[in-house]
Each structure stands twice: as structure tokens, then as C-alpha cells.
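What's in structure_10.pdb: PDB, C-alpha atoms
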```pdb
ATOM      1  CA  MET A  16     -57.933 -51.430 -12.349
ATOM      2  CA  LYS A  17     -54.934 -49.118 -12.445
ATOM      3  CA  LYS A  18     -54.984 -46.232 -10.011
ATOM      4  CA  PHE A  19     -55.994 -42.811 -11.236
ATOM      5  CA  ALA A  20     -57.380 -39.818  -9.392
ATOM      6  CA  ILE A  21     -58.186 -36.137  -9.657
ATOM      7  CA  ALA A  22     -58.604 -33.422  -7.058
ATOM      8  CA  ILE A  23     -59.742 -29.851  -7.588
ATOM      9  CA  HIS A  24     -60.150 -26.581  -5.755
ATOM     10  CA  GLY A  25     -62.237 -23.520  -6.493
ATOM     11  CA  GLY A  26     -60.428 -21.175  -4.121
ATOM     12  CA  ALA A  27     -60.017 -20.549  -0.401
ATOM     13  CA  GLU A  28     -61.277 -17.450   1.385
ATOM     14  CA  THR A  29     -62.075 -16.392   4.940
ATOM     15  CA  VAL A  30     -65.853 -16.784   4.940
ATOM     16  CA  LYS A  31     -68.312 -17.709   7.690
ATOM     17  CA  PRO A  32     -71.313 -19.970   6.991
ATOM     18  CA  SER A  33     -73.650 -17.125   7.908
ATOM     19  CA  GLU A  34     -72.127 -14.964   5.149
ATOM     20  CA  LEU A  35     -72.861 -17.391   2.324
ATOM     21  CA  ASP A  36     -76.430 -17.823   1.130
ATOM     22  CA  LYS A  37     -77.683 -21.316   0.332
ATOM     23  CA  GLU A  38     -78.165 -20.576  -3.364
ATOM     24  CA  LYS A  39     -74.544 -19.620  -3.825
ATOM     25  CA  GLU A  40     -73.353 -22.533  -1.706
ATOM     26  CA  GLU A  41     -75.280 -24.906  -3.962
ATOM     27  CA  ALA A  42     -73.866 -23.196  -7.063
ATOM     28  CA  TYR A  43     -70.353 -23.813  -5.747
ATOM     29  CA  ARG A  44     -71.089 -27.484  -5.071
ATOM     30  CA  GLU A  45     -72.619 -27.997  -8.511
ATOM     31  CA  GLY A  46     -69.716 -26.215 -10.186
ATOM     32  CA  LEU A  47     -67.204 -28.384  -8.352
ATOM     33  CA  ALA A  48     -69.143 -31.530  -9.272
ATOM     34  CA  ASP A  49     -69.168 -30.534 -12.946
ATOM     35  CA  ALA A  50     -65.425 -29.834 -12.975
ATOM     36  CA  LEU A  51     -64.637 -33.053 -11.129
ATOM     37  CA  LYS A  52     -66.636 -35.073 -13.658
ATOM     38  CA  GLU A  53     -64.901 -33.425 -16.605
ATOM     39  CA  GLY A  54     -61.471 -34.307 -15.287
ATOM     40  CA  TYR A  55     -62.448 -37.791 -14.119
ATOM     41  CA  ASN A  56     -63.964 -38.662 -17.490
ATOM     42  CA  VAL A  57     -60.623 -37.952 -19.182
ATOM     43  CA  LEU A  58     -58.758 -40.232 -16.770
ATOM     44  CA  GLU A  59     -61.370 -43.005 -16.935
ATOM     45  CA  LYS A  60     -60.892 -43.206 -20.710
ATOM     46  CA  GLY A  61     -57.133 -43.566 -20.293
ATOM     47  CA  GLY A  62     -56.336 -39.912 -20.914
ATOM     48  CA  SER A  63     -53.344 -38.088 -19.502
ATOM     49  CA  ALA A  64     -53.189 -36.234 -16.209
ATOM     50  CA  LEU A  65     -52.287 -33.126 -18.205
ATOM     51  CA  ASP A  66     -55.495 -33.344 -20.244
ATOM     52  CA  ALA A  67     -57.530 -34.108 -17.124
ATOM     53  CA  VAL A  68     -56.427 -31.051 -15.167
ATOM     54  CA  GLU A  69     -57.001 -28.885 -18.235
ATOM     55  CA  ALA A  70     -60.545 -30.239 -18.614
ATOM     56  CA  ALA A  71     -61.379 -29.667 -14.939
ATOM     57  CA  VAL A  72     -60.013 -26.124 -14.952
ATOM     58  CA  ASN A  73     -61.748 -25.357 -18.274
ATOM     59  CA  SER A  74     -65.040 -26.226 -16.593
ATOM     60  CA  MET A  75     -64.409 -23.758 -13.777
ATOM     61  CA  GLU A  76     -63.082 -21.076 -16.131
ATOM     62  CA  GLN A  77     -66.399 -20.974 -17.974
ATOM     63  CA  ASN A  78     -68.511 -21.075 -14.805
ATOM     64  CA  PRO A  79     -69.118 -17.506 -13.561
ATOM     65  CA  VAL A  80     -69.303 -18.536  -9.893
ATOM     66  CA  PHE A  81     -65.525 -19.055  -9.884
ATOM     67  CA  ASN A  82     -62.824 -16.410 -10.114
ATOM     68  CA  ALA A  83     -61.096 -17.579 -13.287
ATOM     69  CA  ALA A  84     -61.687 -16.274 -16.830
ATOM     70  CA  ARG A  85     -65.457 -15.705 -16.910
ATOM     71  CA  GLY A  86     -66.356 -14.276 -13.523
ATOM     72  CA  ALA A  87     -62.869 -12.903 -12.869
ATOM     73  CA  SER A  88     -62.226 -10.069 -10.454
ATOM     74  CA  LEU A  89     -61.854  -6.549 -11.842
ATOM     75  CA  THR A  90     -58.700  -4.451 -11.691
ATOM     76  CA  GLN A  91     -58.520  -0.822 -10.564
ATOM     77  CA  ARG A  92     -59.547   0.111 -14.098
ATOM     78  CA  GLY A  93     -62.580  -2.166 -14.049
ATOM     79  CA  GLU A  94     -60.983  -4.668 -16.445
ATOM     80  CA  THR A  95     -60.224  -8.377 -16.219
ATOM     81  CA  GLU A  96     -56.743  -9.913 -16.367
ATOM     82  CA  PHE A  97     -55.960 -13.607 -16.076
ATOM     83  CA  ASP A  98     -53.002 -15.720 -14.963
ATOM     84  CA  ALA A  99     -52.684 -19.474 -15.443
ATOM     85  CA  ALA A 100     -50.127 -22.268 -15.354
ATOM     86  CA  ILE A 101     -49.936 -25.974 -16.088
ATOM     87  CA  MET A 102     -47.106 -28.423 -15.346
ATOM     88  CA  ASP A 103     -46.362 -31.970 -16.480
ATOM     89  CA  GLY A 104     -44.884 -33.989 -13.625
ATOM     90  CA  ASN A 105     -43.352 -36.503 -16.030
ATOM     91  CA  THR A 106     -41.278 -34.131 -18.172
ATOM     92  CA  LEU A 107     -41.211 -31.071 -15.856
ATOM     93  CA  ARG A 108     -42.361 -29.019 -18.831
ATOM     94  CA  VAL A 109     -44.501 -26.013 -18.004
ATOM     95  CA  GLY A 110     -46.646 -23.417 -19.695
ATOM     96  CA  ALA A 111     -47.801 -20.215 -18.028
ATOM     97  CA  VAL A 112     -49.492 -16.922 -18.890
ATOM     98  CA  GLY A 113     -49.831 -13.632 -17.048
ATOM     99  CA  GLY A 114     -52.008 -10.587 -17.561
ATOM    100  CA  VAL A 115     -54.048 -11.895 -20.510
ATOM    101  CA  ARG A 116     -57.449 -10.333 -21.124
ATOM    102  CA  TYR A 117     -59.358 -11.870 -24.026
ATOM    103  CA  VAL A 118     -58.496 -15.584 -23.983
ATOM    104  CA  GLN A 119     -61.575 -17.658 -23.168
ATOM    105  CA  HIS A 120     -59.571 -20.438 -21.494
ATOM    106  CA  PRO A 121     -56.245 -19.202 -20.092
ATOM    107  CA  ILE A 122     -55.312 -22.710 -18.917
ATOM    108  CA  SER A 123     -55.580 -24.023 -22.488
ATOM    109  CA  LEU A 124     -53.282 -21.242 -23.665
ATOM    110  CA  ALA A 125     -50.826 -22.260 -20.941
ATOM    111  CA  LYS A 126     -50.995 -25.853 -22.187
ATOM    112  CA  VAL A 127     -50.290 -24.810 -25.792
ATOM    113  CA  ILE A 128     -47.277 -22.850 -24.528
ATOM    114  CA  LEU A 129     -46.072 -26.012 -22.773
ATOM    115  CA  GLN A 130     -46.484 -28.031 -25.965
ATOM    116  CA  LYS A 131     -45.391 -25.612 -28.680
ATOM    117  CA  CYS A 132     -43.394 -22.711 -27.271
ATOM    118  CA  LYS A 133     -39.686 -22.583 -26.444
ATOM    119  CA  HIS A 134     -40.507 -20.271 -23.530
ATOM    120  CA  CYS A 135     -42.276 -21.180 -20.283
ATOM    121  CA  LEU A 136     -44.147 -17.947 -19.512
ATOM    122  CA  LEU A 137     -45.790 -15.410 -21.826
ATOM    123  CA  VAL A 138     -47.597 -12.282 -20.669
ATOM    124  CA  GLY A 139     -49.986  -9.632 -21.942
ATOM    125  CA  THR A 140     -50.315  -9.010 -25.650
ATOM    126  CA  GLY A 141     -47.537 -11.458 -26.461
ATOM    127  CA  ALA A 142     -49.530 -14.263 -24.879
ATOM    128  CA  GLU A 143     -52.699 -13.117 -26.650
ATOM    129  CA  GLU A 144     -50.947 -13.054 -30.014
ATOM    130  CA  PHE A 145     -49.695 -16.581 -29.347
ATOM    131  CA  ALA A 146     -53.299 -17.595 -28.636
ATOM    132  CA  LEU A 147     -54.396 -16.073 -31.948
ATOM    133  CA  ALA A 148     -51.597 -17.836 -33.819
ATOM    134  CA  ASN A 149     -52.777 -21.154 -32.370
ATOM    135  CA  ASN A 150     -56.490 -20.585 -33.058
ATOM    136  CA  LEU A 151     -57.583 -20.487 -29.429
ATOM    137  CA  PRO A 152     -61.007 -18.869 -28.842
ATOM    138  CA  LEU A 153     -61.068 -15.248 -27.725
ATOM    139  CA  LYS A 154     -63.927 -13.266 -26.196
ATOM    140  CA  GLY A 155     -64.755  -9.595 -25.755
ATOM    141  CA  PRO A 156     -64.463  -7.960 -22.310
ATOM    142  CA  GLU A 157     -68.208  -8.206 -21.673
ATOM    143  CA  TYR A 158     -68.024 -12.024 -21.671
ATOM    144  CA  PHE A 159     -65.830 -12.110 -18.581
ATOM    145  CA  VAL A 160     -67.481  -9.463 -16.376
ATOM    146  CA  THR A 161     -70.330 -10.702 -14.182
ATOM    147  CA  PRO A 162     -72.753  -8.430 -12.259
ATOM    148  CA  GLU A 163     -71.377  -9.753  -8.967
ATOM    149  CA  LYS A 164     -67.792  -8.839  -9.789
ATOM    150  CA  ARG A 165     -68.893  -5.459 -11.120
ATOM    151  CA  GLU A 166     -70.691  -4.765  -7.831
ATOM    152  CA  ALA A 167     -67.671  -5.858  -5.798
ATOM    153  CA  TRP A 168     -65.498  -3.513  -7.853
ATOM    154  CA  LEU A 169     -67.891  -0.606  -7.366
ATOM    155  CA  ASP A 170     -67.927  -1.236  -3.627
ATOM    156  CA  LYS A 171     -64.153  -1.122  -3.579
ATOM    157  CA  GLN A 172     -64.083   2.159  -5.440
ATOM    158  CA  GLN A 173     -66.453   3.612  -2.863
ATOM    159  CA  GLU A 174     -64.300   2.282  -0.017
ATOM    160  CA  LYS A 175     -67.194   0.142   1.205
ATOM    161  CA  ALA A 176     -65.770  -3.287   0.458
ATOM    162  CA  GLU A 177     -65.428  -4.263   4.106
ATOM    163  CA  LYS A 178     -69.050  -3.379   4.857
ATOM    164  CA  LYS A 179     -70.571  -4.856   1.729
ATOM    165  CA  ARG A 180     -68.099  -7.564   0.826
ATOM    166  CA  MET A 181     -69.745 -10.482  -0.938
ATOM    167  CA  PRO A 182     -68.124 -13.814  -0.034
ATOM    168  CA  GLY A 183     -66.334 -15.263  -3.019
ATOM    169  CA  SER A 184     -66.265 -11.961  -4.879
ATOM    170  CA  MET A 185     -62.919 -10.448  -3.889
ATOM    171  CA  SER A 186     -60.353 -13.034  -4.884
ATOM    172  CA  ASP A 187     -59.852 -16.758  -5.406
ATOM    173  CA  THR A 188     -58.254 -19.164  -7.795
ATOM    174  CA  VAL A 189     -59.202 -22.511  -9.319
ATOM    175  CA  GLY A 190     -56.938 -25.492  -9.753
ATOM    176  CA  ALA A 191     -56.591 -29.227 -10.283
ATOM    177  CA  VAL A 192     -54.063 -32.006  -9.746
ATOM    178  CA  ALA A 193     -54.297 -35.490 -11.219
ATOM    179  CA  LEU A 194     -52.643 -38.887 -11.502
ATOM    180  CA  ASP A 195     -53.239 -40.911 -14.672
ATOM    181  CA  ILE A 196     -53.073 -44.666 -15.309
ATOM    182  CA  ASN A 197     -49.470 -44.334 -16.508
ATOM    183  CA  GLY A 198     -48.383 -42.914 -13.166
ATOM    184  CA  ASN A 199     -47.961 -39.358 -14.370
ATOM    185  CA  LEU A 200     -48.895 -36.336 -12.281
ATOM    186  CA  ALA A 201     -49.954 -32.888 -13.465
ATOM    187  CA  ALA A 202     -51.063 -29.615 -11.898
ATOM    188  CA  ALA A 203     -53.025 -26.683 -13.309
ATOM    189  CA  THR A 204     -54.039 -23.347 -11.772
ATOM    190  CA  SER A 205     -56.041 -20.426 -13.175
ATOM    191  CA  THR A 206     -57.124 -17.149 -11.613
ATOM    192  CA  GLY A 207     -58.897 -13.870 -12.233
ATOM    193  CA  GLY A 208     -56.729 -12.127  -9.641
ATOM    194  CA  LEU A 209     -57.811  -9.687  -6.939
ATOM    195  CA  THR A 210     -60.545  -7.101  -6.948
ATOM    196  CA  ASP A 211     -58.986  -3.660  -7.478
ATOM    197  CA  GLN A 212     -55.502  -4.975  -8.262
ATOM    198  CA  MET A 213     -53.166  -2.730 -10.235
ATOM    199  CA  LYS A 214     -53.076  -3.131 -13.986
ATOM    200  CA  GLY A 215     -50.298  -5.566 -14.827
ATOM    201  CA  ARG A 216     -50.232  -7.218 -11.409
ATOM    202  CA  VAL A 217     -49.326 -10.914 -11.639
ATOM    203  CA  GLY A 218     -49.899 -13.242  -8.711
ATOM    204  CA  ASP A 219     -48.470 -16.581  -7.664
ATOM    205  CA  THR A 220     -50.498 -18.723 -10.088
ATOM    206  CA  PRO A 221     -48.099 -18.657 -13.098
ATOM    207  CA  ILE A 222     -44.974 -18.689 -10.911
ATOM    208  CA  ILE A 223     -43.715 -22.261 -11.031
ATOM    209  CA  GLY A 224     -42.982 -23.398  -7.492
ATOM    210  CA  GLY A 225     -45.054 -20.545  -6.119
ATOM    211  CA  GLY A 226     -48.649 -21.376  -7.002
ATOM    212  CA  THR A 227     -48.149 -24.418  -9.251
ATOM    213  CA  PHE A 228     -45.745 -27.381  -9.256
ATOM    214  CA  ALA A 229     -45.643 -31.041 -10.307
ATOM    215  CA  ASN A 230     -42.994 -33.759 -10.258
ATOM    216  CA  ASN A 231     -43.829 -37.435 -10.736
ATOM    217  CA  GLU A 232     -41.421 -38.614  -8.096
ATOM    218  CA  VAL A 233     -43.160 -36.736  -5.280
ATOM    219  CA  CYS A 234     -46.323 -34.699  -5.831
ATOM    220  CA  ALA A 235     -48.412 -32.174  -7.767
ATOM    221  CA  VAL A 236     -49.555 -28.937  -6.107
ATOM    222  CA  SER A 237     -51.956 -26.065  -6.838
ATOM    223  CA  CYS A 238     -52.323 -23.087  -4.483
ATOM    224  CA  THR A 239     -54.951 -20.434  -3.824
ATOM    225  CA  GLY A 240     -55.208 -17.408  -1.575
ATOM    226  CA  GLU A 241     -53.129 -14.245  -1.178
ATOM    227  CA  GLY A 242     -50.858 -14.461  -4.201
ATOM    228  CA  GLU A 243     -48.088 -12.239  -2.899
ATOM    229  CA  ALA A 244     -47.653 -14.324   0.262
ATOM    230  CA  ILE A 245     -47.771 -17.614  -1.627
ATOM    231  CA  MET A 246     -45.223 -16.332  -4.141
ATOM    232  CA  ARG A 247     -42.848 -15.091  -1.446
ATOM    233  CA  GLY A 248     -43.107 -18.385   0.415
ATOM    234  CA  VAL A 249     -42.729 -20.519  -2.745
ATOM    235  CA  LEU A 250     -45.385 -22.668  -1.130
ATOM    236  CA  ALA A 251     -46.065 -25.190  -3.910
ATOM    237  CA  HIS A 252     -42.390 -26.150  -3.991
ATOM    238  CA  GLU A 253     -42.243 -26.210  -0.193
ATOM    239  CA  VAL A 254     -44.759 -29.062  -0.163
ATOM    240  CA  TYR A 255     -42.528 -30.957  -2.604
ATOM    241  CA  ALA A 256     -39.359 -30.173  -0.618
ATOM    242  CA  MET A 257     -40.799 -31.194   2.750
ATOM    243  CA  MET A 258     -41.865 -34.530   1.298
ATOM    244  CA  LYS A 259     -38.693 -35.232  -0.673
ATOM    245  CA  TYR A 260     -36.033 -33.980   1.709
ATOM    246  CA  ALA A 261     -37.686 -34.104   5.139
ATOM    247  CA  GLY A 262     -39.766 -37.235   4.649
ATOM    248  CA  ASN A 263     -43.070 -35.616   5.565
ATOM    249  CA  SER A 264     -46.321 -37.233   4.515
ATOM    250  CA  LEU A 265     -48.464 -35.505   1.904
ATOM    251  CA  GLN A 266     -50.916 -34.092   4.461
ATOM    252  CA  SER A 267     -48.192 -33.111   6.895
ATOM    253  CA  ALA A 268     -46.220 -31.277   4.212
ATOM    254  CA  THR A 269     -49.368 -29.478   3.075
ATOM    255  CA  ASP A 270     -50.287 -28.431   6.614
ATOM    256  CA  LYS A 271     -46.752 -27.215   7.330
ATOM    257  CA  ALA A 272     -46.679 -25.191   4.128
ATOM    258  CA  ILE A 273     -49.909 -23.473   5.175
ATOM    259  CA  GLU A 274     -48.270 -22.357   8.427
ATOM    260  CA  LEU A 275     -44.844 -21.575   6.963
ATOM    261  CA  HIS A 276     -43.561 -18.110   7.949
ATOM    262  CA  ALA A 277     -47.011 -17.269   9.306
ATOM    263  CA  ASP A 278     -45.533 -14.290  11.139
ATOM    264  CA  LYS A 279     -44.213 -12.814   7.882
ATOM    265  CA  LEU A 280     -46.600 -14.096   5.227
ATOM    266  CA  GLU A 281     -50.059 -12.967   6.254
ATOM    267  CA  GLY A 282     -53.278 -13.679   4.410
ATOM    268  CA  ASP A 283     -55.521 -16.467   3.161
ATOM    269  CA  ARG A 284     -53.847 -19.649   1.993
ATOM    270  CA  GLY A 285     -55.151 -22.844   0.462
ATOM    271  CA  ILE A 286     -53.111 -25.738  -0.903
ATOM    272  CA  LEU A 287     -54.221 -28.769  -2.911
ATOM    273  CA  ALA A 288     -51.679 -31.566  -3.340
ATOM    274  CA  MET A 289     -51.574 -35.117  -4.704
ATOM    275  CA  ASP A 290     -48.838 -37.732  -4.334
ATOM    276  CA  SER A 291     -47.666 -40.446  -6.700
ATOM    277  CA  THR A 292     -50.227 -42.924  -5.315
ATOM    278  CA  GLY A 293     -53.190 -40.668  -6.067
ATOM    279  CA  LYS A 294     -53.834 -39.608  -2.483
ATOM    280  CA  ALA A 295     -54.911 -35.989  -2.086
ATOM    281  CA  ALA A 296     -54.379 -33.453   0.669
ATOM    282  CA  PHE A 297     -56.175 -30.169   1.258
ATOM    283  CA  GLY A 298     -54.786 -27.520   3.566
ATOM    284  CA  PHE A 299     -56.191 -24.054   4.268
ATOM    285  CA  ASN A 300     -56.234 -21.403   6.994
ATOM    286  CA  THR A 301     -59.568 -19.881   6.008
ATOM    287  CA  GLY A 302     -62.246 -22.269   7.279
ATOM    288  CA  PHE A 303     -63.639 -22.332   3.740
ATOM    289  CA  MET A 304     -62.144 -23.962   0.655
ATOM    290  CA  LYS A 305     -64.134 -25.143  -2.359
ATOM    291  CA  ARG A 306     -62.721 -28.596  -3.121
ATOM    292  CA  GLY A 307     -63.372 -32.052  -4.530
ATOM    293  CA  TYR A 308     -61.729 -35.456  -5.062
ATOM    294  CA  TRP A 309     -62.431 -38.583  -7.074
ATOM    295  CA  ALA A 310     -60.273 -41.688  -7.350
ATOM    296  CA  ALA A 311     -60.909 -44.820  -9.401
ATOM    297  CA  ASP A 312     -61.626 -47.010  -6.383
ATOM    298  CA  GLU A 313     -63.408 -44.461  -4.202
ATOM    299  CA  GLU A 314     -66.601 -42.440  -4.057
ATOM    300  CA  PRO A 315     -66.350 -38.810  -5.205
ATOM    301  CA  PHE A 316     -66.874 -35.899  -2.843
ATOM    302  CA  VAL A 317     -67.085 -32.142  -2.861
ATOM    303  CA  ALA A 318     -66.837 -29.915   0.196
ATOM    304  CA  LEU A 319     -66.732 -26.258   1.185
ATOM    305  CA  TRP A 320     -66.358 -25.907   4.943
ATOM    306  CA  GLU A 321     -63.488 -27.022   7.139
ATOM    307  CA  SER A 322     -65.789 -29.193   9.239
ATOM    308  CA  GLU A 323     -66.662 -31.294   6.185
ATOM    309  CA  LYS A 324     -63.243 -32.903   6.144
ATOM    310  CA  LEU A 325     -64.228 -34.664   9.375
ATOM    311  CA  ARG A 326     -67.374 -36.159   7.908
ATOM    312  CA  LYS A 327     -68.041 -38.924   5.431
ATOM    313  CA  PRO A 328     -67.428 -37.792   1.834
ATOM    314  CA  VAL A 329     -70.435 -36.202   0.172
ATOM    315  CA  LYS A 330     -71.957 -38.508  -2.418
ATOM    316  CA  LEU A 331     -73.715 -36.852  -5.335
ATOM    317  CA  LYS A 332     -76.145 -38.918  -7.416
ATOM    318  CA  GLU A 333     -75.291 -37.081 -10.587
ATOM    319  CA  MET A 334     -71.644 -38.093 -10.183
ATOM    320  CA  GLU A 335     -72.190 -41.826  -9.962
ATOM    321  CA  LYS A 336     -70.296 -43.889 -12.511
TER     322      LYS A 336
END
```
Written as C-alpha cells, how would this file's structure read?
Amino acid sequence: MKKFAIAIHGGAETVKPSELDKEKEEAYREGLADALKEGYNVLEKGGSALDAVEAAVNSMEQNPVFNAARGASLTQRGETEFDAAIMDGNTLRVGAVGGVRYVQHPISLAKVILQKCKHCLLVGTGAEEFALANNLPLKGPEYFVTPEKREAWLDKQQEKAEKKRMPGSMSDTVGAVALDINGNLAAATSTGGLTDQMKGRVGDTPIIGGGTFANNEVCAVSCTGEGEAIMRGVLAHEVYAMMKYAGNSLQSATDKAIELHADKLEGDRGILAMDSTGKAAFGFNTGFMKRGYWAADEEPFVALWESEKLRKPVKLKEMEK
């Protein structure tokens, strides 16, 4: 059997186990399992890494427990805005969107831009018009706003966010990296931004080399966390550079990127990376990162807490082949 693999993340955030109720923890695990299966099924049938990461991210974009598309954070005006990017490690072609509001699956719009547009990045109404021209599904604002994100926004307006903060409600990003049977890598990232961000704010997600990067010869990377810090550090490309030019291993490069310029780039950081053999690395400084991995010759796992990386991978019955 030829090697293929997919890894996903649903965001990294500084959260303690005591802050997360069991019902929400289970919802995260189920959502990760669903997304992992969607991406794996594409690869198992011989599909491309590009299609696999799109499928996995689509699953999380329509699941309101994640901060991407449906369930996105609300801006200062109480609205949703989405950023997304996808990159083909074989051709180095990219598609990215920033500040879109009505597109049901921002990552699919990013993929259509990669395939059909002469530009790499479209924003705002221009991106939405491109979605309309290519018959992508749109939704009204009410589709994207969940009660949890509305409550988090109201707390912020009342300057009570620190006292009443709900874990998983302030920020986060979803992403996926994959290797297909033809040896091609791809990365995809999608986010609903930060609670109370300014209208028009764009984070690291659609910045190629910042929050998203893929190159067949080395690795594919998707980042999550404080977008401004990740953007300034160009962290996705740093993982690539430390592997290619400094000879670091995948995990070592990921760990070093997490700590890069820690005195200047404060905030939560999470990095998901995959190399050309299908191995995956997860790095984060938060103690909590929603993540999963499934390779053709291995058992699948999902995990949330930092301690879980030291234990045997979690086996879920519903994910058995």
C-alpha cells in the first residue's frame, strides 16, 4: 500500500481541563473524528491531498463547535468575517480569501481561486462576487452566528470577557495537511477570526508563509493562535526553512517555530506540520490543541490536551476502517 496520511487541527488556546466541561470536550473529539474521516476517505480512494484537506476543513467549517465559518467569532460590530487559504505543495499554487462574510465554505472558495483565478488572494466583496460567479453556496448572517459566540461577544462589549470567558469561544482556527498516494502535499487553513476584532481585520491564515504553507520537497504547515504574532514571525515558512536549510527534523522545526522570538511575539501558538513521508508534528504553547492524525498503516487518533501526546493514540470505534 502506498503511503498516505492526513492530520488536522481545530485550534489551540490556553485552556485548563477544569475550564472545559465534558460535553464540550466530547463535541470537540467527535468533530475532529468526523473531519479526520472526511479527509481520510478522499485519500483512501486515491484522491488528491488538495481535495483531502478541503474535505476535512469543510467538515469543521460546518460544525458550530469550531471557529471557522459557522460558529465564527464576532467582530466589534457583531458580524462574522472569514479568512481561509489552501496551498498545493506540488505546484506551489495557492488560493486565499480574507474578510468574506456570506460564503458557506471559505476554504472551497480559496480552492476555486487556486484553480481558476489569476490572483492568489481575494478579499471582501470581490471574493464574494467570485464565489457567486462560480456557484458556491452562500448563507445569510444568521447561519454563521451561534449562541455561544453571541454570548462571548456580549461579554466582551461589557468588558467582562476575562471573568466570563468560555474556553474555545474567543478565537481559534481549523486546518489540515495531507500527503496523497502520488507523494503530493497540501495545506488548508480556515478561521472565523477573533472575538471583537475590528471590521476588516485579516489574520495570518490567508498569508502564505504566515499561517499556511506547503512544498512537496519538505513539508506542509497550518498554524493557529494569535494571528498577528504568527504573521509577524512567518511561522509556517519558518518550519519549512528550518527543515530545508538547517536540517532540523519535522518535530524539531515545529517546536523551534513555536518558541521563535518568544520575547517579541507573545500569545497562543499552535502549529501542525507534515513531511514528505506522511509523518505529522504538532507543536503548541497552550497546553490545549484540538488535533488528529490518520495514516494508511496506522491507527487514527484525536487529542486535546498536551499530556495526550505522551499516551497511546486514542482509538475510536467509529473511525475503524
Exercise for review: Up to 10 Å from (-67.8, -32.0, -13.0) in the file's coordinates: name the residues, counting all atoms listed in the file, as a PyMOL selection string.
Suggested key: chain A and resi 23+44-56+70-72+74-75+307+333-334
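The result of the PyMOL selection byres ((chain A and resi 243) around 9) on the shown file is Val217, Gly218, Asp219, Gly240, Glu241, Gly242, Ala244, Ile245, Met246, Arg247, Gly248 and Leu280 of chain A.
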Once you add 3 Å to each side, what are the centre and edge lengths of the axis-aligned box holding all listed atoms of stretch 218-229 of chain A? One decimal in Å, as AutoDock Vina command-line options, if you can.
```
--center_x -46.7 --center_y -22.1 --center_z -9.6 --size_x 13.5 --size_y 23.8 --size_z 13.0
```
Exercise for review: Could you tell me which residues the PyMOL selection byres ((chain A and resi 90-106) around 6) grabs in this file, written as a VMD selection string?
Suggested key: chain A and resid 89 107 to 116 121 to 122 125 199 to 207 210 to 213 220 to 221 229 to 231
Would you put the residues from that selection into a file with C-alpha atoms, as an mmCIF file, in the coordinates of the input?
```cif
data_model
loop_
_atom_site.group_PDB
_atom_site.id
_atom_site.type_symbol
_atom_site.label_atom_id
_atom_site.label_comp_id
_atom_site.auth_asym_id
_atom_site.auth_seq_id
_atom_site.Cartn_x
_atom_site.Cartn_y
_atom_site.Cartn_z
ATOM 1 C CA LEU A 89 -61.854 -6.549 -11.842
ATOM 2 C CA LEU A 107 -41.211 -31.071 -15.856
ATOM 3 C CA ARG A 108 -42.361 -29.019 -18.831
ATOM 4 C CA VAL A 109 -44.501 -26.013 -18.004
ATOM 5 C CA GLY A 110 -46.646 -23.417 -19.695
ATOM 6 C CA ALA A 111 -47.801 -20.215 -18.028
ATOM 7 C CA VAL A 112 -49.492 -16.922 -18.890
ATOM 8 C CA GLY A 113 -49.831 -13.632 -17.048
ATOM 9 C CA GLY A 114 -52.008 -10.587 -17.561
ATOM 10 C CA VAL A 115 -54.048 -11.895 -20.510
ATOM 11 C CA ARG A 116 -57.449 -10.333 -21.124
ATOM 12 C CA PRO A 121 -56.245 -19.202 -20.092
ATOM 13 C CA ILE A 122 -55.312 -22.710 -18.917
ATOM 14 C CA ALA A 125 -50.826 -22.260 -20.941
ATOM 15 C CA ASN A 199 -47.961 -39.358 -14.370
ATOM 16 C CA LEU A 200 -48.895 -36.336 -12.281
ATOM 17 C CA ALA A 201 -49.954 -32.888 -13.465
ATOM 18 C CA ALA A 202 -51.063 -29.615 -11.898
ATOM 19 C CA ALA A 203 -53.025 -26.683 -13.309
ATOM 20 C CA THR A 204 -54.039 -23.347 -11.772
ATOM 21 C CA SER A 205 -56.041 -20.426 -13.175
ATOM 22 C CA THR A 206 -57.124 -17.149 -11.613
ATOM 23 C CA GLY A 207 -58.897 -13.870 -12.233
ATOM 24 C CA THR A 210 -60.545 -7.101 -6.948
ATOM 25 C CA ASP A 211 -58.986 -3.660 -7.478
ATOM 26 C CA GLN A 212 -55.502 -4.975 -8.262
ATOM 27 C CA MET A 213 -53.166 -2.730 -10.235
ATOM 28 C CA THR A 220 -50.498 -18.723 -10.088
ATOM 29 C CA PRO A 221 -48.099 -18.657 -13.098
ATOM 30 C CA ALA A 229 -45.643 -31.041 -10.307
ATOM 31 C CA ASN A 230 -42.994 -33.759 -10.258
ATOM 32 C CA ASN A 231 -43.829 -37.435 -10.736
#
```
Exercise for review: For the file shown, report as a PyMOL selection string the outcome of the PyMOL selection byres ((chain A and resi 142-149) around 7) at residue level.
Suggested key: chain A and resi 112+115+118+124+137-141+150-151
Check your understanding: Could you name the residues that touch A:Phe228 at 8 Å or less, counting all atoms listed in the file, but leaving out those on the same chain fewer than 4 positions away, as an NGL selection string?
Key -> :A and (102 or 104 or 202 or 223-224 or 235-237 or 251-252)
Exercise for review: Pick out the closest residue to A:Gly302 from this set: A:Gly282, A:Ala268, A:Val30, A:Gly25. Count all atoms listed in the file.
Suggested key: A:Val30
